[in-house]
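Peer 1: File my_file-v6.cif follows (mmCIF, C-alpha atoms (C1' of nucleotides)):
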```cif
data_upload
loop_
_atom_site.group_PDB
_atom_site.id
_atom_site.type_symbol
_atom_site.label_atom_id
_atom_site.label_comp_id
_atom_site.auth_asym_id
_atom_site.auth_seq_id
_atom_site.Cartn_x
_atom_site.Cartn_y
_atom_site.Cartn_z
ATOM 1 C CA MET R 29 -79.267 46.973 -69.593
ATOM 2 C CA VAL R 30 -77.746 48.914 -72.466
ATOM 3 C CA ALA R 31 -80.304 51.196 -74.081
ATOM 4 C CA ASP R 32 -80.979 50.930 -77.824
ATOM 5 C CA ALA R 33 -81.074 54.687 -78.366
ATOM 6 C CA SER R 34 -77.465 55.654 -77.760
ATOM 7 C CA PRO R 35 -75.524 57.975 -80.066
ATOM 8 C CA GLN R 36 -72.346 56.579 -78.553
ATOM 9 C CA LEU R 37 -73.311 53.046 -79.572
ATOM 10 C CA ASP R 38 -74.267 54.388 -83.020
ATOM 11 C CA ARG R 39 -70.778 55.824 -83.399
ATOM 12 C CA VAL R 40 -69.012 52.682 -82.223
ATOM 13 C CA PHE R 41 -70.877 50.324 -84.544
ATOM 14 C CA HIS R 42 -70.554 52.781 -87.400
ATOM 15 C CA ALA R 43 -66.815 53.033 -86.772
ATOM 16 C CA LEU R 44 -66.516 49.251 -86.979
ATOM 17 C CA ALA R 45 -68.506 49.080 -90.217
ATOM 18 C CA HIS R 46 -65.608 49.953 -92.543
ATOM 19 C CA PRO R 47 -62.726 47.614 -93.453
ATOM 20 C CA ALA R 48 -60.147 50.417 -93.388
ATOM 21 C CA ARG R 49 -61.087 51.321 -89.833
ATOM 22 C CA ARG R 50 -61.069 47.700 -88.760
ATOM 23 C CA ALA R 51 -57.609 47.349 -90.293
ATOM 24 C CA MET R 52 -56.481 50.360 -88.273
ATOM 25 C CA ILE R 53 -57.848 48.807 -85.102
ATOM 26 C CA ARG R 54 -55.941 45.627 -85.828
ATOM 27 C CA GLN R 55 -52.728 47.600 -86.342
ATOM 28 C CA LEU R 56 -53.297 49.529 -83.133
ATOM 29 C CA SER R 57 -53.852 46.317 -81.213
ATOM 30 C CA TYR R 58 -50.121 45.656 -81.645
ATOM 31 C CA GLY R 59 -49.247 49.017 -80.095
ATOM 32 C CA GLU R 60 -49.214 52.747 -80.728
ATOM 33 C CA ARG R 61 -48.993 53.996 -84.300
ATOM 34 C CA ASN R 62 -48.736 57.447 -85.817
ATOM 35 C CA LEU R 63 -51.046 58.585 -88.601
ATOM 36 C CA SER R 64 -48.591 57.836 -91.414
ATOM 37 C CA GLU R 65 -48.157 54.291 -90.200
ATOM 38 C CA LEU R 66 -51.906 53.810 -90.015
ATOM 39 C CA ALA R 67 -52.424 55.243 -93.489
ATOM 40 C CA ALA R 68 -49.557 53.415 -95.224
ATOM 41 C CA PRO R 69 -51.186 49.977 -95.737
ATOM 42 C CA LEU R 70 -54.476 51.457 -96.981
ATOM 43 C CA LYS R 71 -55.251 51.933 -100.663
ATOM 44 C CA MET R 72 -56.379 55.538 -100.318
ATOM 45 C CA SER R 73 -54.970 59.046 -99.980
ATOM 46 C CA PHE R 74 -53.521 60.234 -96.691
ATOM 47 C CA PRO R 75 -56.307 62.761 -96.015
ATOM 48 C CA ALA R 76 -58.881 60.010 -96.545
ATOM 49 C CA ALA R 77 -57.109 57.839 -93.983
ATOM 50 C CA THR R 78 -56.997 60.607 -91.378
ATOM 51 C CA LYS R 79 -60.752 61.043 -91.780
ATOM 52 C CA HIS R 80 -61.163 57.402 -90.793
ATOM 53 C CA VAL R 81 -59.010 58.033 -87.733
ATOM 54 C CA ARG R 82 -61.334 60.855 -86.744
ATOM 55 C CA VAL R 83 -64.302 58.506 -87.016
ATOM 56 C CA LEU R 84 -62.535 56.154 -84.597
ATOM 57 C CA GLU R 85 -61.842 59.071 -82.266
ATOM 58 C CA ARG R 86 -65.464 60.237 -82.277
ATOM 59 C CA ALA R 87 -66.412 56.716 -81.233
ATOM 60 C CA LYS R 88 -63.792 56.992 -78.479
ATOM 61 C CA LEU R 89 -62.154 53.839 -79.775
ATOM 62 C CA VAL R 90 -58.903 55.736 -80.302
ATOM 63 C CA ARG R 91 -57.076 58.374 -78.315
ATOM 64 C CA ARG R 92 -54.543 60.693 -79.925
ATOM 65 C CA ARG R 93 -51.393 62.078 -78.339
ATOM 66 C CA VAL R 94 -49.283 64.695 -80.116
ATOM 67 C CA VAL R 95 -45.519 64.345 -79.759
ATOM 68 C CA GLY R 96 -43.610 66.877 -81.824
ATOM 69 C CA ARG R 97 -45.022 66.628 -85.309
ATOM 70 C CA GLU R 98 -46.211 63.065 -84.772
ATOM 71 C CA HIS R 99 -49.774 62.175 -83.794
ATOM 72 C CA LEU R 100 -49.665 58.889 -81.920
ATOM 73 C CA CYS R 101 -52.842 56.841 -81.659
ATOM 74 C CA ARG R 102 -53.766 54.129 -79.239
ATOM 75 C CA LEU R 103 -56.844 52.034 -78.590
ATOM 76 C CA THR R 104 -59.345 52.364 -75.764
ATOM 77 C CA ALA R 105 -61.160 49.209 -74.729
ATOM 78 C CA ALA R 106 -64.257 50.629 -73.049
ATOM 79 C CA PRO R 107 -66.400 51.380 -76.150
ATOM 80 C CA LEU R 108 -65.779 47.894 -77.520
ATOM 81 C CA GLU R 109 -66.965 46.438 -74.224
ATOM 82 C CA GLN R 110 -70.113 48.499 -74.449
ATOM 83 C CA ALA R 111 -70.777 47.274 -77.976
ATOM 84 C CA THR R 112 -70.082 43.652 -77.106
ATOM 85 C CA SER R 113 -72.297 43.800 -74.042
ATOM 86 C CA TRP R 114 -75.139 45.160 -76.149
ATOM 87 C CA THR R 115 -74.948 42.212 -78.547
ATOM 88 C CA GLU R 116 -74.314 39.654 -75.813
ATOM 89 C CA GLN R 117 -77.525 40.522 -74.024
ATOM 90 C CA PHE R 118 -79.505 39.046 -76.948
ATOM 91 C CA ARG R 119 -77.217 36.548 -78.575
ATOM 92 C CA LYS R 120 -77.484 33.743 -76.030
ATOM 93 C CA HIS R 121 -81.093 34.634 -75.493
ATOM 94 C CA TRP R 122 -82.330 34.128 -79.028
ATOM 95 C CA GLU R 123 -79.889 31.370 -79.781
ATOM 96 C CA ALA R 124 -81.427 29.410 -76.919
ATOM 97 C CA ARG R 125 -84.876 30.309 -78.149
ATOM 98 C CA PHE R 126 -84.574 29.285 -81.752
ATOM 99 C CA GLU R 127 -81.649 27.027 -82.332
ATOM 100 C CA THR R 128 -81.764 24.242 -79.765
ATOM 101 C CA PRO R 129 -83.686 21.105 -80.794
ATOM 102 C CA ASP R 130 -86.308 21.766 -78.114
ATOM 103 C CA ALA R 131 -86.922 25.289 -79.298
ATOM 104 C CA LEU R 132 -87.274 24.067 -82.857
ATOM 105 C CA LEU R 133 -89.915 21.621 -81.702
ATOM 106 C CA GLU R 134 -91.667 24.443 -79.867
ATOM 107 C CA GLU R 135 -91.574 26.443 -83.083
ATOM 108 C CA MET R 136 -93.125 23.691 -85.157
ATOM 109 C CA LYS R 137 -95.955 23.311 -82.679
ATOM 110 C CA SER R 138 -96.578 27.046 -82.512
ATOM 111 C CA GLU R 139 -97.011 27.213 -86.275
ATOM 112 C CA GLU R 140 -100.225 25.248 -85.988
ATOM 113 C CA GLN R 141 -101.490 27.438 -83.169
ATOM 114 C CA PRO R 142 -101.975 31.239 -83.355
ATOM 115 C CA ARG R 143 -98.300 31.791 -82.511
ATOM 116 C CA THR R 144 -95.879 33.058 -79.837
ATOM 117 C CA ARG R 145 -97.736 35.648 -77.824
ATOM 118 C CA ARG R 146 -96.673 39.233 -78.185
ATOM 119 C CA SER R 147 -95.197 41.540 -75.529
ATOM 120 C CA MET L 21 -58.727 34.870 -87.551
ATOM 121 C CA VAL L 22 -61.549 36.980 -88.928
ATOM 122 C CA ALA L 23 -60.372 39.117 -91.839
ATOM 123 C CA ASP L 24 -60.799 42.899 -91.681
ATOM 124 C CA ALA L 25 -61.945 43.189 -95.299
ATOM 125 C CA SER L 26 -65.334 41.492 -95.185
ATOM 126 C CA PRO L 27 -68.435 42.998 -96.789
ATOM 127 C CA GLN L 28 -70.513 40.723 -94.554
ATOM 128 C CA LEU L 29 -68.924 42.207 -91.441
ATOM 129 C CA ASP L 30 -69.442 45.700 -92.923
ATOM 130 C CA ARG L 31 -73.142 44.964 -93.283
ATOM 131 C CA VAL L 32 -73.532 43.549 -89.777
ATOM 132 C CA PHE L 33 -71.837 46.460 -88.038
ATOM 133 C CA HIS L 34 -73.658 48.928 -90.231
ATOM 134 C CA ALA L 35 -76.961 47.244 -89.388
ATOM 135 C CA LEU L 36 -76.218 47.612 -85.680
ATOM 136 C CA ALA L 37 -75.305 51.289 -86.041
ATOM 137 C CA HIS L 38 -78.870 52.637 -85.969
ATOM 138 C CA PRO L 39 -81.096 52.855 -82.865
ATOM 139 C CA ALA L 40 -84.246 51.875 -84.781
ATOM 140 C CA ARG L 41 -82.592 48.687 -86.019
ATOM 141 C CA ARG L 42 -81.263 47.880 -82.553
ATOM 142 C CA ALA L 43 -84.775 48.392 -81.159
ATOM 143 C CA MET L 44 -86.082 45.935 -83.763
ATOM 144 C CA ILE L 45 -83.472 43.395 -82.757
ATOM 145 C CA ARG L 46 -84.517 43.761 -79.139
ATOM 146 C CA GLN L 47 -88.158 43.199 -80.061
ATOM 147 C CA LEU L 48 -87.265 40.176 -82.145
ATOM 148 C CA SER L 49 -85.281 38.697 -79.282
ATOM 149 C CA TYR L 50 -88.629 38.099 -77.552
ATOM 150 C CA GLY L 51 -89.930 36.154 -80.540
ATOM 151 C CA GLU L 52 -91.205 36.490 -84.102
ATOM 152 C CA ARG L 53 -92.802 39.762 -85.150
ATOM 153 C CA ASN L 54 -94.459 40.930 -88.354
ATOM 154 C CA LEU L 55 -93.467 44.184 -90.041
ATOM 155 C CA SER L 56 -96.321 46.234 -88.554
ATOM 156 C CA GLU L 57 -95.359 45.166 -85.060
ATOM 157 C CA LEU L 58 -91.736 46.078 -85.696
ATOM 158 C CA ALA L 59 -92.674 49.470 -87.132
ATOM 159 C CA ALA L 60 -95.291 50.431 -84.523
ATOM 160 C CA PRO L 61 -92.980 51.609 -81.694
ATOM 161 C CA LEU L 62 -90.749 53.633 -84.035
ATOM 162 C CA LYS L 63 -91.250 57.335 -84.648
ATOM 163 C CA MET L 64 -91.164 57.082 -88.424
ATOM 164 C CA SER L 65 -93.364 56.118 -91.352
ATOM 165 C CA PHE L 66 -94.051 52.496 -92.131
ATOM 166 C CA PRO L 67 -92.045 52.472 -95.397
ATOM 167 C CA ALA L 68 -89.060 53.908 -93.509
ATOM 168 C CA ALA L 69 -89.293 51.084 -90.981
ATOM 169 C CA THR L 70 -89.432 48.386 -93.645
ATOM 170 C CA LYS L 71 -86.269 49.814 -95.168
ATOM 171 C CA HIS L 72 -84.549 49.214 -91.837
ATOM 172 C CA VAL L 73 -85.783 45.633 -91.867
ATOM 173 C CA ARG L 74 -84.213 45.166 -95.271
ATOM 174 C CA VAL L 75 -80.896 46.410 -93.884
ATOM 175 C CA LEU L 76 -81.132 43.749 -91.169
ATOM 176 C CA GLU L 77 -81.917 41.134 -93.796
ATOM 177 C CA ARG L 78 -78.944 42.091 -95.975
ATOM 178 C CA ALA L 79 -76.766 41.592 -92.897
ATOM 179 C CA LYS L 80 -78.435 38.191 -92.458
ATOM 180 C CA LEU L 81 -79.412 39.187 -88.932
ATOM 181 C CA VAL L 82 -83.063 38.645 -89.776
ATOM 182 C CA ARG L 83 -84.927 36.054 -91.796
ATOM 183 C CA ARG L 84 -88.359 36.704 -93.248
ATOM 184 C CA ARG L 85 -91.160 34.222 -93.715
ATOM 185 C CA VAL L 86 -94.336 35.165 -95.576
ATOM 186 C CA VAL L 87 -97.581 33.785 -94.168
ATOM 187 C CA GLY L 88 -100.653 35.030 -95.980
ATOM 188 C CA ARG L 89 -100.346 38.800 -96.059
ATOM 189 C CA GLU L 90 -98.055 38.892 -93.021
ATOM 190 C CA HIS L 91 -94.258 38.996 -93.232
ATOM 191 C CA LEU L 92 -92.877 37.380 -90.104
ATOM 192 C CA CYS L 93 -89.322 38.145 -89.041
ATOM 193 C CA ARG L 94 -87.008 36.264 -86.761
ATOM 194 C CA LEU L 95 -83.423 36.657 -85.688
ATOM 195 C CA THR L 96 -80.402 34.641 -86.787
ATOM 196 C CA ALA L 97 -77.543 34.376 -84.322
ATOM 197 C CA ALA L 98 -74.611 33.555 -86.616
ATOM 198 C CA PRO L 99 -73.766 37.087 -87.884
ATOM 199 C CA LEU L 100 -73.726 38.446 -84.348
ATOM 200 C CA GLU L 101 -71.274 35.726 -83.383
ATOM 201 C CA GLN L 102 -69.062 36.718 -86.262
ATOM 202 C CA ALA L 103 -69.118 40.364 -85.201
ATOM 203 C CA THR L 104 -68.476 39.573 -81.561
ATOM 204 C CA SER L 105 -65.609 37.266 -82.408
ATOM 205 C CA TRP L 106 -64.010 40.014 -84.487
ATOM 206 C CA THR L 107 -64.035 42.449 -81.582
ATOM 207 C CA GLU L 108 -63.103 39.828 -78.993
ATOM 208 C CA GLN L 109 -59.909 38.964 -80.793
ATOM 209 C CA PHE L 110 -58.503 42.412 -79.869
ATOM 210 C CA ARG L 111 -60.356 43.468 -76.785
ATOM 211 C CA LYS L 112 -58.557 41.270 -74.243
ATOM 212 C CA HIS L 113 -55.351 41.727 -76.161
ATOM 213 C CA TRP L 114 -55.122 45.502 -75.915
ATOM 214 C CA GLU L 115 -56.784 45.651 -72.577
ATOM 215 C CA ALA L 116 -53.910 43.550 -71.238
ATOM 216 C CA ARG L 117 -51.434 45.685 -73.092
ATOM 217 C CA PHE L 118 -52.488 49.121 -71.943
ATOM 218 C CA GLU L 119 -54.710 48.955 -68.951
ATOM 219 C CA THR L 120 -52.971 46.803 -66.356
ATOM 220 C CA PRO L 121 -50.678 48.579 -63.881
ATOM 221 C CA ASP L 122 -47.660 46.758 -65.346
ATOM 222 C CA ALA L 123 -48.481 47.854 -68.859
ATOM 223 C CA LEU L 124 -48.877 51.434 -67.712
ATOM 224 C CA LEU L 125 -45.421 51.269 -66.178
ATOM 225 C CA GLU L 126 -44.087 49.824 -69.424
ATOM 226 C CA GLU L 127 -45.714 52.711 -71.237
ATOM 227 C CA MET L 128 -44.129 55.337 -69.044
ATOM 228 C CA LYS L 129 -40.694 53.803 -69.569
ATOM 229 C CA SER L 130 -41.147 53.525 -73.328
ATOM 230 C CA GLU L 131 -41.861 57.232 -73.592
ATOM 231 C CA GLU L 132 -38.267 57.968 -72.667
ATOM 232 C CA GLN L 133 -36.978 55.438 -75.199
ATOM 233 C CA PRO L 134 -37.709 55.443 -78.973
ATOM 234 C CA ARG L 135 -40.968 53.507 -78.384
ATOM 235 C CA THR L 136 -42.721 50.167 -78.924
ATOM 236 C CA ARG L 137 -41.124 48.600 -81.986
ATOM 237 C CA ARG L 138 -43.225 48.339 -85.095
ATOM 238 C CA SER L 139 -44.330 45.151 -86.902
ATOM 239 C "C1'" DG K 26 -31.777 78.726 -94.043
ATOM 240 C "C1'" DG K 27 -33.674 75.462 -96.925
ATOM 241 C "C1'" DT K 28 -35.730 70.905 -97.408
ATOM 242 C "C1'" DT K 29 -37.960 67.024 -95.928
ATOM 243 C "C1'" DT K 30 -41.516 64.929 -93.136
ATOM 244 C "C1'" DA K 31 -46.028 64.783 -90.508
ATOM 245 C "C1'" DG K 32 -50.235 66.356 -90.436
ATOM 246 C "C1'" DT K 33 -54.360 69.746 -91.182
ATOM 247 C "C1'" DA K 34 -57.794 72.383 -93.836
ATOM 248 C "C1'" DT K 35 -60.583 73.407 -97.653
ATOM 249 C "C1'" DA K 36 -63.131 72.677 -101.691
ATOM 250 C "C1'" DC K 37 -65.170 69.550 -104.339
ATOM 251 C "C1'" DC K 38 -67.564 65.260 -105.965
ATOM 252 C "C1'" DA K 39 -70.381 60.811 -106.352
ATOM 253 C "C1'" DA K 40 -72.863 57.582 -103.966
ATOM 254 C "C1'" DA K 41 -75.255 55.908 -100.003
ATOM 255 C "C1'" DT K 42 -78.354 56.763 -96.059
ATOM 256 C "C1'" DG K 43 -82.518 57.905 -93.854
ATOM 257 C "C1'" DG K 44 -86.452 59.912 -94.295
ATOM 258 C "C1'" DT K 45 -90.979 61.574 -96.664
ATOM 259 C "C1'" DT K 46 -95.454 61.126 -99.560
ATOM 260 C "C1'" DT K 47 -98.325 58.885 -102.663
ATOM 261 C "C1'" DA K 48 -100.021 55.061 -105.132
ATOM 262 C "C1'" DA K 49 -100.712 50.257 -105.823
ATOM 263 C "C1'" DC K 50 -101.474 45.400 -104.641
ATOM 264 C "C1'" DA K 51 -102.800 41.227 -102.236
ATOM 265 C "C1'" DA K 52 -105.092 38.815 -98.591
ATOM 266 C "C1'" DC K 53 -108.545 38.403 -95.192
ATOM 267 C "C1'" DG K 54 -113.218 39.258 -92.937
ATOM 268 C "C1'" DA K 55 -117.983 40.898 -93.011
ATOM 269 C "C1'" DT Q 4 -118.080 42.226 -103.196
ATOM 270 C "C1'" DC Q 5 -116.373 45.746 -100.385
ATOM 271 C "C1'" DG Q 6 -113.619 47.646 -96.959
ATOM 272 C "C1'" DT Q 7 -109.689 46.986 -94.080
ATOM 273 C "C1'" DT Q 8 -105.158 45.373 -93.109
ATOM 274 C "C1'" DG Q 9 -100.291 44.307 -94.288
ATOM 275 C "C1'" DT Q 10 -96.991 45.303 -97.305
ATOM 276 C "C1'" DT Q 11 -94.369 46.925 -101.561
ATOM 277 C "C1'" DA Q 12 -92.898 50.340 -104.991
ATOM 278 C "C1'" DA Q 13 -91.651 54.673 -106.863
ATOM 279 C "C1'" DA Q 14 -90.358 59.346 -106.770
ATOM 280 C "C1'" DC Q 15 -88.313 62.632 -104.278
ATOM 281 C "C1'" DC Q 16 -85.331 65.188 -100.862
ATOM 282 C "C1'" DA Q 17 -81.607 66.534 -97.418
ATOM 283 C "C1'" DT Q 18 -77.673 64.946 -95.178
ATOM 284 C "C1'" DT Q 19 -73.823 62.013 -94.501
ATOM 285 C "C1'" DT Q 20 -70.177 59.201 -96.144
ATOM 286 C "C1'" DG Q 21 -66.034 58.193 -98.434
ATOM 287 C "C1'" DG Q 22 -63.166 59.653 -101.516
ATOM 288 C "C1'" DT Q 23 -60.130 63.125 -104.357
ATOM 289 C "C1'" DA Q 24 -56.728 67.063 -105.168
ATOM 290 C "C1'" DT Q 25 -54.578 71.048 -103.633
ATOM 291 C "C1'" DA Q 26 -52.746 74.290 -100.539
ATOM 292 C "C1'" DC Q 27 -51.066 75.183 -96.158
ATOM 293 C "C1'" DT Q 28 -48.582 74.884 -91.309
ATOM 294 C "C1'" DA Q 29 -45.200 73.140 -88.298
ATOM 295 C "C1'" DA Q 30 -41.522 70.302 -86.626
ATOM 296 C "C1'" DA Q 31 -37.105 67.991 -87.618
ATOM 297 C "C1'" DC Q 32 -32.773 67.578 -90.165
ATOM 298 C "C1'" DC Q 33 -28.713 68.885 -92.873
#
```
Using structure tokens, write down the structure from this file.
Peer 2:
Amino acid sequence: MVADASPQLDRVFHALAHPARRAMIRQLSYGERNLSELAAPLKMSFPAATKHVRVLERAKLVRRRVVGREHLCRLTAAPLEQATSWTEQFRKHWEARFETPDALLEEMKSEEQPRTRRS
Amino acid sequence: MVADASPQLDRVFHALAHPARRAMIRQLSYGERNLSELAAPLKMSFPAATKHVRVLERAKLVRRRVVGREHLCRLTAAPLEQATSWTEQFRKHWEARFETPDALLEEMKSEEQPRTRRS
DNA sequence: GGTTTAGTATACCAAATGGTTTAACAACGA
DNA sequence: TCGTTGTTAAACCATTTGGTATACTAAACC
């Protein structure tokens, strides 16, 4: 089980919650990129872009490697796995519960009665 | 393909980026809950908790149904699917690229040469 | 040595986030 | 009708977020 209270998970989901950072992740999925390359397609200043990179680093989604004056970034899969496994543990679960025809029938019945019993 | 620039995706990831909201999702995965039940286990005031519920609603992760004075919440699977499918489209991809023995070898070679060619 | 090029650091700003307290309202039960 | 329960609304506050502009450092190139 993946716990709900996890600063690491907070950072990963937060990192994914901005289009600029998602765009960076997409770029990095094609291979290593330096900061200028990551910043170029974005409609914002260079310093703003590097702040987004730092958010990705804090979430451990990106690792940085300095070569001369270049800072090369690459992706790390592990945090994504952690995030996906958190969501997966419920998705099927509640989908099965509420969105199959049988479950819907169950629902309609339970609305007459008190209702689904609590934990 | 799921686009990177998507306010809906922003809202879903942002909704998942807080432990209180993830705890609510876990509770809701066991069935419908009213606002008091969702707020009870959290170490914060009731109004604070209901604000978190609204964040989940904006992300369309939760639907609310008013019955008398109770506001009953239940989960919706679709937004989670969308989020998962966004991450999945890269995960395998870069995993294959960087974390297999072959890819590592490729990496080590490419560090002598210019490096992976850009898009 | 001087000039690009790559990136950092700092100061600053507006808006959003996450929380509080207090007050109000609406529905249900005695 | 009166008290309790479930919930909203408003005002307020501190911190974080996401952006800017400017100044600076360091490596690479001629």
Peer 1: Near chain Q, meaning an atom within 10 Å, which residues of chain L appear when counting all atoms listed in the file? Write them as a PyMOL selection string.
Peer 2: chain L and resi 54-56+66-67+70+88-91
Peer 1: Run through the PyMOL selection byres ((chain L and resi 75) around 12) on the given coordinates and return the selected residues as a PyMOL selection string.
Peer 2: (chain L and resi 28+30-38+40-42+44-45+68-74+76-83) or (chain K and resi 42-43)
Peer 1: Contacts between chain L and chain R, please, where a residue of chain R counts if it comes within 8 Å (with all atoms listed in the file); show its shortest atom pair and distance in Å to one decimal, rows by chain and ascending number, as JSON lines.
Peer 2:
```
{"residue": "R:Asp32", "atom": "CA", "partner": "L:Pro39", "partner_atom": "CA", "distance": 5.4}
{"residue": "R:Ala33", "atom": "CA", "partner": "L:Pro39", "partner_atom": "CA", "distance": 4.9}
{"residue": "R:Ser34", "atom": "CA", "partner": "L:Pro39", "partner_atom": "CA", "distance": 6.9}
{"residue": "R:Leu37", "atom": "CA", "partner": "L:Ala37", "partner_atom": "CA", "distance": 7.0}
{"residue": "R:Asp38", "atom": "CA", "partner": "L:Ala37", "partner_atom": "CA", "distance": 4.5}
{"residue": "R:Arg39", "atom": "CA", "partner": "L:Ala37", "partner_atom": "CA", "distance": 6.9}
{"residue": "R:Val40", "atom": "CA", "partner": "L:Ala37", "partner_atom": "CA", "distance": 7.5}
{"residue": "R:Phe41", "atom": "CA", "partner": "L:Ala37", "partner_atom": "CA", "distance": 4.8}
{"residue": "R:His42", "atom": "CA", "partner": "L:Ala37", "partner_atom": "CA", "distance": 5.2}
{"residue": "R:Leu44", "atom": "CA", "partner": "L:Phe33", "partner_atom": "CA", "distance": 6.1}
{"residue": "R:Ala45", "atom": "CA", "partner": "L:Asp30", "partner_atom": "CA", "distance": 4.4}
{"residue": "R:His46", "atom": "CA", "partner": "L:Asp30", "partner_atom": "CA", "distance": 5.7}
{"residue": "R:Pro47", "atom": "CA", "partner": "L:Ala25", "partner_atom": "CA", "distance": 4.9}
{"residue": "R:Ala48", "atom": "CA", "partner": "L:Ala25", "partner_atom": "CA", "distance": 7.7}
{"residue": "R:Arg50", "atom": "CA", "partner": "L:Asp24", "partner_atom": "CA", "distance": 5.6}
{"residue": "R:Ala51", "atom": "CA", "partner": "L:Asp24", "partner_atom": "CA", "distance": 5.6}
{"residue": "R:Arg54", "atom": "CA", "partner": "L:Phe110", "partner_atom": "CA", "distance": 7.2}
{"residue": "R:Ser57", "atom": "CA", "partner": "L:Trp114", "partner_atom": "CA", "distance": 5.5}
{"residue": "R:Tyr58", "atom": "CA", "partner": "L:Trp114", "partner_atom": "CA", "distance": 7.6}
{"residue": "R:Gly59", "atom": "CA", "partner": "L:Thr136", "partner_atom": "CA", "distance": 6.7}
{"residue": "R:Glu60", "atom": "CA", "partner": "L:Thr136", "partner_atom": "CA", "distance": 7.2}
{"residue": "R:Leu103", "atom": "CA", "partner": "L:Trp114", "partner_atom": "CA", "distance": 7.3}
{"residue": "R:Thr104", "atom": "CA", "partner": "L:Glu115", "partner_atom": "CA", "distance": 7.9}
{"residue": "R:Ala105", "atom": "CA", "partner": "L:Glu115", "partner_atom": "CA", "distance": 6.0}
{"residue": "R:Leu108", "atom": "CA", "partner": "L:Thr107", "partner_atom": "CA", "distance": 7.0}
{"residue": "R:Glu109", "atom": "CA", "partner": "L:Arg111", "partner_atom": "CA", "distance": 7.7}
{"residue": "R:Thr112", "atom": "CA", "partner": "L:Thr104", "partner_atom": "CA", "distance": 6.3}
{"residue": "R:Thr115", "atom": "CA", "partner": "L:Leu100", "partner_atom": "CA", "distance": 7.0}
{"residue": "R:Phe118", "atom": "CA", "partner": "L:Ser49", "partner_atom": "CA", "distance": 6.2}
{"residue": "R:Arg119", "atom": "CA", "partner": "L:Ala97", "partner_atom": "CA", "distance": 6.2}
{"residue": "R:His121", "atom": "CA", "partner": "L:Ser49", "partner_atom": "CA", "distance": 7.0}
{"residue": "R:Trp122", "atom": "CA", "partner": "L:Ser49", "partner_atom": "CA", "distance": 5.4}
{"residue": "R:Glu123", "atom": "CA", "partner": "L:Ala97", "partner_atom": "CA", "distance": 5.9}
{"residue": "R:Thr144", "atom": "CA", "partner": "L:Gly51", "partner_atom": "CA", "distance": 6.7}
{"residue": "R:Arg146", "atom": "CA", "partner": "L:Gly51", "partner_atom": "CA", "distance": 7.8}
{"residue": "R:Ser147", "atom": "CA", "partner": "L:Tyr50", "partner_atom": "CA", "distance": 7.7}
```
Peer 1: Starting from the shown file, work through the PyMOL selection byres ((chain K) within 9 of (chain R)) and note down what comes out as number ranges by chain.
Peer 2: K: 30-33
Peer 1: Atom C1' of K:DT29 and atom CA of R:Met72 are how many Å apart?
Peer 2: 22.1 Å
Peer 1: Go ahead and compute the interatomic distance for atom CA of R:Arg92 and atom CA of R:Ala67, in Å to one decimal.
Peer 2: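 Interatomic distance, atom CA of R:Arg92 to atom CA of R:Ala67: 14.8 Å.
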Peer 1: Hey, can you check how far atom C1' of K:DT28 sits from atom CA of R:Leu66?
Peer 2: 24.7 Å
Peer 1: For stretch 14-32 of chain Q, take all atoms listed in the file, fit an axis-aligned box around them, add 5 Å to each of the six sides, then output centre and edge lengths in Å rounded to one decimal, as JSON.
Peer 2:
```
{"center_x": -61.6, "center_y": 66.7, "center_z": -96.7, "size_x": 67.6, "size_y": 27.0, "size_z": 30.1}
```
Peer 1: Starting from the incomplete input, reconstruct N, CA and C atoms of stretch 100-109 of chain R and report them as an mmCIF file, in the frame of the given file.
Peer 2:
```
data_model
loop_
_atom_site.group_PDB
_atom_site.id
_atom_site.type_symbol
_atom_site.label_atom_id
_atom_site.label_comp_id
_atom_site.auth_asym_id
_atom_site.auth_seq_id
_atom_site.Cartn_x
_atom_site.Cartn_y
_atom_site.Cartn_z
ATOM 1 N N LEU R 100 -49.665 60.305 -82.279
ATOM 2 C CA LEU R 100 -49.665 58.889 -81.920
ATOM 3 C C LEU R 100 -51.045 58.468 -81.461
ATOM 4 N N CYS R 101 -51.509 57.338 -81.992
ATOM 5 C CA CYS R 101 -52.842 56.841 -81.659
ATOM 6 C C CYS R 101 -52.741 55.545 -80.882
ATOM 7 N N ARG R 102 -53.662 55.406 -79.943
ATOM 8 C CA ARG R 102 -53.766 54.129 -79.239
ATOM 9 C C ARG R 102 -55.230 53.785 -79.009
ATOM 10 N N LEU R 103 -55.472 52.503 -78.765
ATOM 11 C CA LEU R 103 -56.844 52.034 -78.590
ATOM 12 C C LEU R 103 -57.360 52.256 -77.177
ATOM 13 N N THR R 104 -58.667 52.330 -77.065
ATOM 14 C CA THR R 104 -59.345 52.364 -75.764
ATOM 15 C C THR R 104 -60.341 51.211 -75.760
ATOM 16 N N ALA R 105 -60.340 50.428 -74.736
ATOM 17 C CA ALA R 105 -61.160 49.209 -74.729
ATOM 18 C C ALA R 105 -62.633 49.480 -74.432
ATOM 19 N N ALA R 106 -62.904 50.439 -73.578
ATOM 20 C CA ALA R 106 -64.257 50.629 -73.049
ATOM 21 C C ALA R 106 -65.379 50.587 -74.099
ATOM 22 N N PRO R 107 -65.288 51.361 -75.198
ATOM 23 C CA PRO R 107 -66.400 51.380 -76.150
ATOM 24 C C PRO R 107 -66.672 50.003 -76.767
ATOM 25 N N LEU R 108 -65.615 49.245 -76.983
ATOM 26 C CA LEU R 108 -65.779 47.894 -77.520
ATOM 27 C C LEU R 108 -66.575 47.041 -76.545
ATOM 28 N N GLU R 109 -66.260 47.181 -75.273
ATOM 29 C CA GLU R 109 -66.965 46.438 -74.224
ATOM 30 C C GLU R 109 -68.450 46.762 -74.277
#
```
